Amino acid sequence: FEGRNLYADVSGQFGADEFKLETKGKTAQLQAHFQETKLPAELPMHWNVQLQVKGDTVTVERAWVDIDGLPFKANGGYRPDMIDLYLTGDDLSLAHLLERLPENLTKQYKKFKAQGKLHFRAHLLGDPAARPRIYADFHLNRGSIVDPDTDQELRDLEIEGRYDDGAGNAKSALLELNEFSGVASGSSFSGSFSMAGFESPLIRAKLKADLNLAEISAFLPPTLNKELSGTAVLDVEFENRFYRIDEVRQRDLIGAQMNGSLEIIDVRLTTDYLKHPVEDLNGRFSFTNRDLRILECSGSVSESDFNINGFFRNTLAYALIPGEPVALEAEFKSNNLQLDDLLADGNSESDYSLELSPRVSYDLNVNIAKLGFEKFTANNIRGRFLQKAGVLRADPLTFKAVDGSFDGRMVVNGREKEELQVLVDARVNDIDIKRLFFEFNNFGQLTLVSDNLKGRTDATIQFNSYWTPQLVTDMDRLTTTADLTIRDGALIDFEPLNALGSFVEVEELQNVEFKTLRNRIEIRRQTIYIPDMSINSSALDFAGSGTHTFTNQIDYRVRMRLSDVLVRKHQKERPDLEEHYVFQDAAPGPLLFLHMTGDVYDPVIKYDAQSAKQNIVANFKDEGKEIKEAFKQEFNPDTTADRTQEEPDFVIEWNEEEEPDTSYSPNFYDF
């Protein structure tokens, strides 16, 4: 003790071998130390003490000490080689005592109001020249703690325990709560706790609780007390030796023993990660040392539901060590999963938020009956989802969608905090292309939309893209390669075809139906690359290739064979049109070469003389036999054949094109 402004009366026969010494007094400013801990305030102190002095031995016959309203009594004795002193405090105010404890011990409880009486017995024993040992027994009777913000109360608190400082030896120190218990509105709890040794301590704890979560939420960790209701029934035992209690590490938990059970019933809670609350949460769990076994757990988030059974691995380390990961190994089932609800961001103005935490990993066998995201709907989702170190893999992954099926794999790389890389390698079979474009919002463009399309599609797709955590795509870095087959298809009121109205009757091109179309489409640098392809349709046969940017700038080279009906009008109006036709020996129908550039809604269309010339060269290259046969038939006609009823068939011969450049195609790879 260190005091200032000290006032004291001392009396006694100091010259005698044996005498009584009486003292009383006060100090207005007392600074108290307890081992290495200093109490936070300078406190007033009063005392009245009577001692029996005999030589170098002092016996405390009567002692009364009041430290800032906390009264203590003392008795015992002292000599130079031994102190044996008892200190007793009865009916000490719990509220008063907590206010005087060091802030590092009470900081998280400062806002609570405490009531109750604490009974205290302390025994100092040992060599005062060294460090006497302190033993203490304490008992809290009918205590209570109230949260003033919510008026929630823990009452009938009973705590009985003891303390031993080990004479300053931290390895021998002991703190033991032999029994503690209390109740709240609809809740009760009881248990015990001991910490043997403050250096490399052995900790044992037992807890039984039946909790009304809504009535005790104020006393739970901040991550849980935002909004919480329901019931939790807990029965758990724990034992473990730690190397250091102030800095727990993974090595500390190797021998941890934790057993017991947890049941949650009709729980509702809000979290920082979900915009909507988790509701109807029911589950049974068992503690198996460092892990938590999920016997069954089900719940819902808005329109989504889930059912899980499996294991939370490394749960104890996750709870005790900052930055330690936790892993979920489980079977995950859902009848309906709406990603809009699960990805909705409740903490910002953006619509969605997706973050792959490096602390959380999981290995899930997934079985989802129905999944939705905005307009997209999938059924019968099956797959294995693995997330580790910020990377999510789905492999294999199958589901039914847009009237067809999907079979493939996916990777979402979230190692970079502000960027998500998404890769997809998939095969789609027999999907409705009109629904595909509709459910994917026409892939962010307005030129070729769902109303322009009809048909069934098979495709092999490789897709690589980069997204912000708010699910905004970096269009400059999006790359895709798709090998497509479209059956029984149609292009309906498609603007680039309508632009050919000066050459072909527009009515004929407003609904171009075709049996089969095959091609490889590539996307890179916000440009769609279309290699050479042909469409044999109900209106006309045509072919072409080109590029189409996301800003609707086009560069198409088109060639077509027109029927007499379709070209008659233009032959009358454009007598020079015939010089642009290329007639084929094997296919007497004319080919018209056109070059379309500029904006898709106001393109510039020209005759493509360059392509026509290339076509002529290609047709006559290495065709000596065909030319000789043509001359032979011209100069030596077969006069026996009746050709008056023959009508020429239109046959289109396309020039050979180079293979499409796939150097920018995304490659699926594992991280």
# chains A, B, ... in the order shown; residues from 1 in each chain; ligands from 1

call {"tool": "residues_around", "arguments": {"residues": "stretch 382-390 of chain A", "least_positions_apart": "2", "cutoff": "6 Å", "atoms": "only C-alpha atoms", "output": "VMD selection string"}}
result
chain A and resid 356 to 358 361 to 367 392 to 398 414 to 415

call {"tool": "write_last_selection", "arguments": {"atoms": "all heavy atoms", "output": "tab-separated table (two decimals), in the first residue's frame"}}
result
chain	number	residue	atom	x	y	z
A	356	LEU	N	-14.68	-15.14	-50.26
A	356	LEU	CA	-14.26	-16.49	-49.88
A	356	LEU	C	-13.20	-16.36	-48.79
A	356	LEU	O	-12.05	-16.03	-49.06
A	356	LEU	CB	-13.69	-17.23	-51.10
A	356	LEU	CG	-14.66	-17.37	-52.28
A	356	LEU	CD1	-13.98	-18.13	-53.42
A	356	LEU	CD2	-15.94	-18.08	-51.87
A	357	SER	N	-13.62	-16.55	-47.55
A	357	SER	CA	-12.74	-16.34	-46.41
A	357	SER	C	-11.63	-17.39	-46.37
A	357	SER	O	-11.90	-18.59	-46.48
A	357	SER	CB	-13.54	-16.40	-45.11
A	357	SER	OG	-12.67	-16.39	-43.99
A	358	PRO	N	-10.38	-16.95	-46.21
A	358	PRO	CA	-9.29	-17.94	-46.09
A	358	PRO	C	-9.36	-18.71	-44.78
A	358	PRO	O	-8.70	-19.74	-44.63
A	358	PRO	CB	-8.03	-17.07	-46.17
A	358	PRO	CG	-8.47	-15.71	-45.73
A	358	PRO	CD	-9.89	-15.57	-46.18
A	361	SER	N	-12.98	-23.22	-44.67
A	361	SER	CA	-12.90	-24.16	-45.78
A	361	SER	C	-14.01	-25.19	-45.62
A	361	SER	O	-14.52	-25.40	-44.51
A	361	SER	CB	-11.53	-24.86	-45.83
A	361	SER	OG	-11.31	-25.62	-44.65
A	362	TYR	N	-14.40	-25.80	-46.72
A	362	TYR	CA	-15.42	-26.84	-46.63
A	362	TYR	C	-15.29	-27.83	-47.77
A	362	TYR	O	-14.71	-27.55	-48.82
A	362	TYR	CB	-16.83	-26.23	-46.61
A	362	TYR	CG	-17.13	-25.19	-47.65
A	362	TYR	CD1	-17.43	-25.53	-48.96
A	362	TYR	CD2	-17.14	-23.85	-47.32
A	362	TYR	CE1	-17.73	-24.57	-49.91
A	362	TYR	CE2	-17.44	-22.87	-48.25
A	362	TYR	CZ	-17.73	-23.24	-49.55
A	362	TYR	OH	-18.00	-22.28	-50.49
A	363	ASP	N	-15.79	-29.00	-47.51
A	363	ASP	CA	-15.86	-30.09	-48.47
A	363	ASP	C	-17.28	-30.63	-48.38
A	363	ASP	O	-17.62	-31.35	-47.44
A	363	ASP	CB	-14.82	-31.16	-48.13
A	363	ASP	CG	-14.78	-32.30	-49.15
A	363	ASP	OD1	-15.69	-32.37	-50.01
A	363	ASP	OD2	-13.85	-33.12	-49.08
A	364	LEU	N	-18.10	-30.26	-49.36
A	364	LEU	CA	-19.53	-30.56	-49.31
A	364	LEU	C	-19.94	-31.45	-50.47
A	364	LEU	O	-19.60	-31.17	-51.62
A	364	LEU	CB	-20.35	-29.26	-49.37
A	364	LEU	CG	-20.12	-28.21	-48.28
A	364	LEU	CD1	-20.99	-27.00	-48.53
A	364	LEU	CD2	-20.39	-28.79	-46.91
A	365	ASN	N	-20.66	-32.51	-50.15
A	365	ASN	CA	-21.39	-33.25	-51.17
A	365	ASN	C	-22.78	-32.64	-51.24
A	365	ASN	O	-23.54	-32.70	-50.28
A	365	ASN	CB	-21.46	-34.73	-50.82
A	365	ASN	CG	-20.13	-35.43	-51.03
A	365	ASN	OD1	-19.44	-35.18	-52.01
A	365	ASN	ND2	-19.75	-36.28	-50.10
A	366	VAL	N	-23.10	-32.04	-52.38
A	366	VAL	CA	-24.26	-31.18	-52.51
A	366	VAL	C	-25.38	-31.90	-53.26
A	366	VAL	O	-25.15	-32.56	-54.28
A	366	VAL	CB	-23.88	-29.86	-53.23
A	366	VAL	CG1	-25.12	-29.07	-53.59
A	366	VAL	CG2	-22.95	-29.05	-52.35
A	367	ASN	N	-26.58	-31.76	-52.73
A	367	ASN	CA	-27.79	-32.28	-53.37
A	367	ASN	C	-28.88	-31.22	-53.21
A	367	ASN	O	-29.46	-31.06	-52.14
A	367	ASN	CB	-28.21	-33.60	-52.72
A	367	ASN	CG	-29.41	-34.24	-53.40
A	367	ASN	OD1	-30.18	-33.58	-54.11
A	367	ASN	ND2	-29.59	-35.53	-53.19
A	392	LEU	N	-12.62	-21.79	-54.38
A	392	LEU	CA	-13.76	-22.70	-54.40
A	392	LEU	C	-13.75	-23.50	-55.69
A	392	LEU	O	-13.63	-22.94	-56.78
A	392	LEU	CB	-15.07	-21.90	-54.30
A	392	LEU	CG	-16.37	-22.67	-54.57
A	392	LEU	CD1	-16.59	-23.76	-53.53
A	392	LEU	CD2	-17.55	-21.73	-54.61
A	393	ARG	N	-13.87	-24.83	-55.55
A	393	ARG	CA	-13.95	-25.72	-56.71
A	393	ARG	C	-15.25	-26.51	-56.65
A	393	ARG	O	-15.63	-26.99	-55.59
A	393	ARG	CB	-12.78	-26.69	-56.74
A	393	ARG	CG	-11.41	-26.06	-56.83
A	393	ARG	CD	-10.31	-27.13	-56.81
A	393	ARG	NE	-8.99	-26.55	-56.91
A	393	ARG	CZ	-8.28	-26.11	-55.88
A	393	ARG	NH1	-8.79	-26.19	-54.66
A	393	ARG	NH2	-7.07	-25.59	-56.05
A	394	ALA	N	-15.88	-26.65	-57.78
A	394	ALA	CA	-17.04	-27.53	-57.92
A	394	ALA	C	-16.70	-28.56	-58.99
A	394	ALA	O	-16.68	-28.24	-60.18
A	394	ALA	CB	-18.28	-26.75	-58.30
A	395	ASP	N	-16.41	-29.80	-58.58
A	395	ASP	CA	-15.95	-30.82	-59.51
A	395	ASP	C	-16.18	-32.20	-58.90
A	395	ASP	O	-15.56	-32.52	-57.88
A	395	ASP	CB	-14.46	-30.61	-59.82
A	395	ASP	CG	-13.94	-31.58	-60.87
A	395	ASP	OD1	-14.78	-32.24	-61.54
A	395	ASP	OD2	-12.71	-31.67	-61.05
A	396	PRO	N	-17.11	-32.98	-59.49
A	396	PRO	CA	-17.93	-32.68	-60.66
A	396	PRO	C	-19.14	-31.84	-60.28
A	396	PRO	O	-19.48	-31.70	-59.09
A	396	PRO	CB	-18.36	-34.07	-61.12
A	396	PRO	CG	-18.45	-34.86	-59.85
A	396	PRO	CD	-17.32	-34.35	-58.98
A	397	LEU	N	-19.83	-31.33	-61.30
A	397	LEU	CA	-21.03	-30.53	-61.09
A	397	LEU	C	-22.02	-30.83	-62.21
A	397	LEU	O	-21.69	-30.69	-63.38
A	397	LEU	CB	-20.69	-29.04	-61.08
A	397	LEU	CG	-21.86	-28.06	-60.95
A	397	LEU	CD1	-22.59	-28.27	-59.63
A	397	LEU	CD2	-21.37	-26.62	-61.07
A	398	THR	N	-23.21	-31.29	-61.83
A	398	THR	CA	-24.25	-31.56	-62.82
A	398	THR	C	-25.56	-30.96	-62.36
A	398	THR	O	-25.82	-30.85	-61.16
A	398	THR	CB	-24.45	-33.08	-63.03
A	398	THR	OG1	-24.92	-33.67	-61.80
A	398	THR	CG2	-23.16	-33.76	-63.45
A	414	GLY	N	-10.72	-16.73	-55.17
A	414	GLY	CA	-10.91	-15.51	-54.40
A	414	GLY	C	-9.72	-15.15	-53.55
A	414	GLY	O	-9.87	-14.50	-52.51
A	415	ARG	N	-8.51	-15.56	-53.96
A	415	ARG	CA	-7.32	-15.23	-53.17
A	415	ARG	C	-7.09	-13.73	-53.10
A	415	ARG	O	-6.64	-13.21	-52.09
A	415	ARG	CB	-6.10	-15.92	-53.76
A	415	ARG	CG	-6.06	-17.43	-53.57
A	415	ARG	CD	-4.67	-17.97	-53.85
A	415	ARG	NE	-4.61	-19.41	-53.74
A	415	ARG	CZ	-4.56	-20.24	-54.77
A	415	ARG	NH1	-4.58	-19.74	-55.99
A	415	ARG	NH2	-4.49	-21.54	-54.60

call {"tool": "residues_around", "arguments": {"residues": "stretch 602-605 of chain A", "least_positions_apart": "6", "cutoff": "9 Å", "atoms": "only C-alpha atoms", "output": "VMD selection string"}}
result
chain A and resid 496 499 to 500 553 to 554 594 to 596

call {"tool": "residues_around", "arguments": {"residues": "A:His548", "least_positions_apart": "5", "cutoff": "10 Å", "atoms": "only C-alpha atoms", "output": "ChimeraX atom specification"}}
result
/A:447,523,526-530,553-556,597-600

call {"tool": "write_last_selection", "arguments": {"atoms": "C-alpha atoms", "output": "PDB file, in the first residue's frame"}}
result
ATOM      1  CA  THR A 447     -28.529  -6.978 -80.045  1.00  0.00           C
ATOM      2  CA  ILE A 523     -15.217 -13.988 -77.085  1.00  0.00           C
ATOM      3  CA  GLN A 526     -15.331  -7.419 -75.646  1.00  0.00           C
ATOM      4  CA  THR A 527     -15.551  -8.841 -79.150  1.00  0.00           C
ATOM      5  CA  ILE A 528     -17.414 -11.909 -80.432  1.00  0.00           C
ATOM      6  CA  TYR A 529     -15.440 -13.770 -83.124  1.00  0.00           C
ATOM      7  CA  ILE A 530     -17.542 -15.882 -85.499  1.00  0.00           C
ATOM      8  CA  GLN A 553     -19.822  -2.552 -83.995  1.00  0.00           C
ATOM      9  CA  ILE A 554     -19.816  -5.259 -86.670  1.00  0.00           C
ATOM     10  CA  ASP A 555     -17.526  -6.518 -89.398  1.00  0.00           C
ATOM     11  CA  TYR A 556     -19.314  -9.310 -91.279  1.00  0.00           C
ATOM     12  CA  THR A 597     -19.368  -2.850 -91.269  1.00  0.00           C
ATOM     13  CA  GLY A 598     -20.203  -0.146 -88.732  1.00  0.00           C
ATOM     14  CA  ASP A 599     -23.050   0.073 -86.262  1.00  0.00           C
ATOM     15  CA  VAL A 600     -25.396  -2.888 -86.289  1.00  0.00           C
TER      16      VAL A 600
END

call {"tool": "closest_residue", "arguments": {"among": "A:Leu51, A:Val360, A:Ala232, A:Val402", "to": "A:Asn379", "atoms": "only C-alpha atoms"}}
result
A:Val402

call {"tool": "closest_residue", "arguments": {"among": "A:Asn141, A:Ala330, A:Glu296, A:Gly323", "to": "A:Gly310", "atoms": "only C-alpha atoms"}}
result
A:Ala330

call {"tool": "atom_distance", "arguments": {"atom1": "atom CA of A:Gln421", "atom2": "atom CA of A:Leu343"}}
result
16.8 Å

call {"tool": "atom_distance", "arguments": {"atom1": "atom CA of A:Thr377", "atom2": "atom CA of A:Glu439"}}
result
7.7 Å

call {"tool": "residues_around", "arguments": {"residues": "A:Thr468", "least_positions_apart": "3", "cutoff": "8 Å", "atoms": "only C-alpha atoms", "output": "NGL selection string"}}
result
:A and (418-420 or 471-474)

call {"tool": "select_by_dssp", "arguments": {"residues": "stretch 412-548 of chain A", "states": "strand (DSSP E or B)", "output": "VMD selection string"}}
result
chain A and resid 412 to 413 420 to 432 453 to 467 473 479 to 492 511 to 524 527 to 537 541 to 548

call {"tool": "closest_residue", "arguments": {"among": "A:Tyr163, A:Phe406, A:Phe514, A:Tyr601", "to": "A:Thr551", "atoms": "only C-alpha atoms"}}
result
A:Tyr601
